[in-house]
Amino acid sequence: MRRRPSALAAAVFSVLAFGTLAAPGAAAEPGPRVLHAAPHGGGDVCSVARPCSPTGARDAARTVTGRDVRIELAGGTYELSAPLKLGAADSGRSGHTVTWAAAPGADPVLSGGRTVEGWARNSDGTWTAAVAEGVTPRQLFVDGRRAVRARGAACSAATCDATKAGMTGAEATGVAKWRKPTAAEAVIKVRWRNYRCRVTGVQGDNISFAQPCWANSASGTNRTGPAWDSTTVDSARYRGVAFFENAHELLDKPGEFVWDAEDRTVTYLPRAGENLRHARVVTPATERLMVVDGAHDVRVDGIGFAYAAYHQPSTDEGYAGTQAGLTLTGTTGPVDHAGRYYTKPTAALTVRGGRQVVVTRAEFAHLGGAGVVLEAGTEDSVVSRSRFTDLSSGAVYVGDTEPKPDPELAGERNTVAYNTIRRTGVEYTDSVGIWAGYEAELSVDHNTLDDLPYSGISVGWGWNQPEARESVLRDNRVTANRITDVMRVEHDQHDGGAVYTQGAQPGTVVSGNYINRSAYGNTERDGNGIYLDEQSSYIRVEGNVLTRVGYKWVSNWADYGIKNHATGNWTDTDAPALAGTGSTASGNRTELDRLPAQALAVAERAGSRPERVEQLRPDLARAGTATQSSTDGAARAAEAIDGDTSTDTRTLAEPGAWWQVDLGGARRVRQIEVWNDASMTTADFDVQLSRTADFTDAETRHVSGKALRPTLLEFGGGDTAEFVRIRLTGTGRVGLSHVLVHP
C-alpha cells in the first residue's frame, strides 16, 4: 500500500510545483475552532467561561465543518465512569484535524480511579475502609505511591505440586487455615510466563482454582503456542509458587493491603509517615479511559491518563499468561499453536482501525493494565514523546496476532518514537515495554526503556508454527532506542531479550540501539541483548552497542531462522555463531573492555533524550595468566579471561578446587566480577586477593550460595594484588564463564 501524503507534504508540493499557495487577496483558511472542556463542565457552549464536559465538547466538535477543531481541556482530574469514545464522526474532515489538547499551562488528567475514604484504624496498626459497589481494588495507590497486595513466601514444587486438577501444599503453606482462602491468588512464574489464578477451594492438602484460569494455565488446551511448549503449571519446568497473595494472614509488611470481596472492605498497613486520615487513596475502577474507534485525523496532545483498571485478572478468567502480557482466555476455541487467539491487556487508551491518529506528550501513570493499544488495522498512527511510569502491564501494544489478516485489519506504517518507559510490568511481569504483532513498516525509534521485568521491545509473533510461517510482517525498524536494566532477575522471567523478534520479516532492521544490563546478575545462563527467536528471518542487526548482557549479545539459535545478518556492532562479550541457515556475523567489535569513541557516540544518540553512557571498566585479568587446580576435559582456565561469557572453564570435583589469575604485577583492584558457568556450578566460595603466589597475605571475601552472572565484589580501598583466586570452601567444582578484575 502506498503511503498517503500528509496535508503538509501536499502543501509543500503545491508551492514547489506552482510557485504560490494562493493569489494575493485570496481568502485565508480559517483558524481552528477552539472548544473548551473542564472537569465539572456542562452544557453546549464550550467557551472558556462556560466550558463543556469532554463528551459535550466532542458533540459540539461534530457540528464544525471546513476547519480544524481544537478541544482544550482545563487542568484538573476528569473522573470517568466510562471511556471517552471517539468514532468516525469525530474525525478530522476534508484534510483537517481534530485535536484534543491540554489548555495552555494546564495539566488535565483522565482518571479511572475512585477515592477510598472513611478509613478506621484497627488495633493491630492496620486501617480499613469500605469500598463502593462496582469497584474491585486490585491495585491501591496511597498519595500516588503503589501499595502491594499482601503476599507470602515462595512454595517449592515439592510442596506445592501442580497438576491439571489443582495443587497440593494447603497445609504446609498455611492456606488451609486461612479465614478466607478463596480471596487469595497463586502467582506462578514459569520461564517467560506468568500465571495468576484465584483459589476456589481447599480440601485437606489440596487447593483448587478458578476456571477457566487454571485449565488455561495447564497443558492440554491445544490452544497455546508453540506446539512443543513446556511452560505450563503442570510441566517439568514448573518450580513452584512464587507467592500467594491477598489474604489477611499475609498482611505483615508496611505498604501492603488486602481486598475482602465478601465484606467489601480494603485493609492497609501504612508505611512510615503515612496517615490514612489525611492521605489520598485511589483504586483503579474504570478500564478504558479513551477509545478511538474507526476515527482518522485525530490528535491527542499533552493529556494525562491515570488509574485505569484491568478487570480480567480479578475474574475467573484470571491471568493465564502466554507471552509479553497476552493471555489465553475462554473455555474453548480453535486448535491453535501460533498464538492467534490470545487476548491483549486492557489499555488506558485504545485505537481501533484508526488512521492518522497521533498521541503525543501524554503521561500514562499508575495504571492497572497497559498504556496504549493500537489494533484492528490501525495505520499511519503515532505514539510519541510520551511518558509511561508505574504500569501493571506493558506500555504500548501495536497490532494483532493474526498472521494474514484481512486488508482492512492489517497494521501498517505506525510509529512509536521518543517515548520514555520506566517501571512497567509491575504486576504482570511477563509483559514487555513495547510489543508489536504482525506489523509492516513499523518504526520503533529513539525510545528510552528502563527498569523492566522482561523484554524491552518485542516485534513479531508465531513460533514457526505452520499457520504463521507466511505473514504480513516486513520492513520494520527498531532504531536508536536506549534499553537499560531489563529482564530484571528478581522478577524470575527468563528466555527474553532487550530486543526480541519472532517470524520472517524481510527488510527489518535493528540498528543504533544502546543496550546495557539485560538479565545482568542472572541466576542462570539466560537473557539476551538482541534475541532473534524462533523463525526470525531476514533481519539485519547493525551498529548496536551492547554491554553487560546476561548471556548472548545476539542470539539466532534456530536453523529455521534464516538469512539474518549481524554486522558493525560493539559488545563486551562474544556469542556462538548464528545458527540460522544462511545467517552471518561479520565486522563486529567483540570482547571489548572499553567502548571506542564511535560506539559511545552511537549510545549517546540513542533514546528519547541524551543520557550518560555507562562506559566499560578496564579488565586487568584480560592480559593475565589463568590457572586452575585441575581441568575437566577441554574447559581450560583461560576460558574465563577470554572476554566471552558463552565459554566456560571447569575443574574436576575435589576438595578446595580453585581457579586463579596472575595479573603480571601488583595492581590496585577495586571490583571483581565472577560469572558462573552454564551449569551454575560454582557455589560457596572465597574470592582472594594476594600480592604473593602462596596467598599467605590474602584478603578474603566469602560468597555463600551460587555465583550469579555476575556476582560483584567491591574492594573499596583499592587493594593491591597480583593474584586473584576463586576457591571453594568445600568439595566440588569451580566452573566459570568470565572473571573480570577492575582497577
# chains A, B, ... in the order shown; residues from 1 in each chain; ligands from 1

$ residues_around --residues "Gly240 (chain A)" --least-positions-apart "4" --cutoff "6 Å" --atoms "only C-alpha atoms" --output "list in words"
Cys155, Ser156 and Ala157 of chain A

$ write_last_selection --atoms "N, CA, C and O atoms" --output "PDB file, in the first residue's frame"
ATOM      1  N   CYS A 155       6.722 -21.196  47.497  1.00  0.00           N
ATOM      2  CA  CYS A 155       6.463 -22.596  47.847  1.00  0.00           C
ATOM      3  C   CYS A 155       7.017 -23.469  46.735  1.00  0.00           C
ATOM      4  O   CYS A 155       6.614 -23.341  45.569  1.00  0.00           O
ATOM      5  N   SER A 156       7.941 -24.341  47.050  1.00  0.00           N
ATOM      6  CA  SER A 156       8.611 -25.148  46.037  1.00  0.00           C
ATOM      7  C   SER A 156       7.660 -26.165  45.416  1.00  0.00           C
ATOM      8  O   SER A 156       6.620 -26.512  45.983  1.00  0.00           O
ATOM      9  N   ALA A 157       8.050 -26.672  44.255  1.00  0.00           N
ATOM     10  CA  ALA A 157       7.239 -27.663  43.552  1.00  0.00           C
ATOM     11  C   ALA A 157       7.100 -28.949  44.355  1.00  0.00           C
ATOM     12  O   ALA A 157       6.109 -29.675  44.206  1.00  0.00           O
TER      13      ALA A 157
END

$ residues_around --residues "region 605-614 of chain A" --least-positions-apart "4" --cutoff "9 Å" --atoms "only C-alpha atoms" --output "number ranges by chain"
A: 385, 417-420, 445-449, 479-483, 512-514, 516, 547, 600-601

$ write_last_selection --atoms "C-alpha atoms" --output "PDB file, in the first residue's frame"
ATOM      1  CA  ARG A 385       7.163  11.949  23.238  1.00  0.00           C
ATOM      2  CA  ALA A 417       9.082   7.208  18.959  1.00  0.00           C
ATOM      3  CA  TYR A 418      10.794   9.371  21.578  1.00  0.00           C
ATOM      4  CA  ASN A 419       8.842   7.886  24.485  1.00  0.00           C
ATOM      5  CA  THR A 420      10.170   7.241  27.989  1.00  0.00           C
ATOM      6  CA  ASP A 445      12.676   4.741  17.239  1.00  0.00           C
ATOM      7  CA  HIS A 446      14.517   6.738  19.915  1.00  0.00           C
ATOM      8  CA  ASN A 447      12.605   5.399  22.895  1.00  0.00           C
ATOM      9  CA  THR A 448      14.082   5.097  26.382  1.00  0.00           C
ATOM     10  CA  LEU A 449      13.136   1.898  28.235  1.00  0.00           C
ATOM     11  CA  THR A 479      16.361   2.012  15.809  1.00  0.00           C
ATOM     12  CA  ALA A 480      18.252   4.215  18.254  1.00  0.00           C
ATOM     13  CA  ASN A 481      16.471   3.016  21.388  1.00  0.00           C
ATOM     14  CA  ARG A 482      18.100   3.109  24.817  1.00  0.00           C
ATOM     15  CA  ILE A 483      17.243  -0.087  26.731  1.00  0.00           C
ATOM     16  CA  GLY A 512      21.763   2.077  16.539  1.00  0.00           C
ATOM     17  CA  ASN A 513      20.340   0.808  19.832  1.00  0.00           C
ATOM     18  CA  TYR A 514      22.150   1.085  23.164  1.00  0.00           C
ATOM     19  CA  ASN A 516      23.047  -2.067  28.869  1.00  0.00           C
ATOM     20  CA  THR A 547      27.112  -4.185  27.256  1.00  0.00           C
ATOM     21  CA  LEU A 600      29.976   5.959  22.665  1.00  0.00           C
ATOM     22  CA  ALA A 601      28.583   8.377  20.092  1.00  0.00           C
TER      23      ALA A 601
END

$ atom_distance --atom1 "CA of Arg422 (chain A)" --atom2 "CA of Ile457 (chain A)"
12.8 Å

$ atom_distance --atom1 "CA of Ala504 (chain A)" --atom2 "CA of Pro345 (chain A)"
25.1 Å

$ atom_distance --atom1 "CA of His296 (chain A)" --atom2 "CA of Gly113 (chain A)"
28.6 Å

$ closest_residue --among "A:Arg223, A:Arg288, A:Arg691, A:Arg196" --to "Phe244 (chain A)" --atoms "only C-alpha atoms"
A:Arg196

$ residues_around --residues "Arg179 (chain A)" --least-positions-apart "3" --cutoff "12 Å" --atoms "only C-alpha atoms" --output "ChimeraX atom specification"
/A:174-176,182-184,202,246-250,260,262

$ select_by_dssp --residues "region 380-530 of chain A" --states "strand (DSSP E or B)" --output "MDAnalysis selection string"
chainID A and resid 382:384 387:391 396:398 411:412 415:417 420:422 431 434:436 439:440 443:445 448:450 457:459 474 477:479 482:486 497:501 504:511 514:518 522 528:530

$ closest_residue --among "A:Val135, A:Val116, A:Pro54, A:Gln356" --to "His278 (chain A)" --atoms "only C-alpha atoms"
A:Val116

$ select_by_dssp --residues "region 529-677 of chain A" --states "alpha helix (DSSP H)" --output "list in words"
Ala597, Gln598, Ala599, Leu600, Ala601, Val602, Ala603, Glu604 and Arg605 of chain A

$ closest_residue --among "A:Asp450, A:Ser471, A:Thr63, A:Val459" --to "Asp406 (chain A)" --atoms "only C-alpha atoms"
A:Ser471

$ closest_residue --among "A:Tyr397, A:Tyr78, A:Phe305, A:Tyr341" --to "Glu363 (chain A)" --atoms "only C-alpha atoms"
A:Phe305

$ closest_residue --among "A:Arg146, A:Arg589, A:Arg469, A:Arg67" --to "Gly31 (chain A)" --atoms "only C-alpha atoms"
A:Arg67

$ residues_around --residues "Asp229 (chain A)" --least-positions-apart "6" --cutoff "10 Å" --atoms "only C-alpha atoms" --output "PyMOL selection string"
chain A and resi 219+235+337

$ write_last_selection --atoms "N, CA, C and O atoms" --output "short mmCIF file (atom, residue, chain, number, x, y, z; two decimals), in the first residue's frame"
data_model
loop_
_atom_site.label_atom_id
_atom_site.label_comp_id
_atom_site.auth_asym_id
_atom_site.auth_seq_id
_atom_site.Cartn_x
_atom_site.Cartn_y
_atom_site.Cartn_z
N SER A 219 -1.49 -27.81 30.82
CA SER A 219 -1.30 -28.40 29.50
C SER A 219 -2.61 -28.98 28.98
O SER A 219 -3.56 -29.18 29.73
N SER A 235 4.00 -28.54 34.02
CA SER A 235 5.14 -29.02 33.23
C SER A 235 6.34 -29.29 34.12
O SER A 235 6.37 -28.91 35.29
N HIS A 337 -1.60 -23.19 17.68
CA HIS A 337 -0.31 -23.19 18.36
C HIS A 337 0.53 -21.97 17.97
O HIS A 337 1.72 -21.94 18.24
#
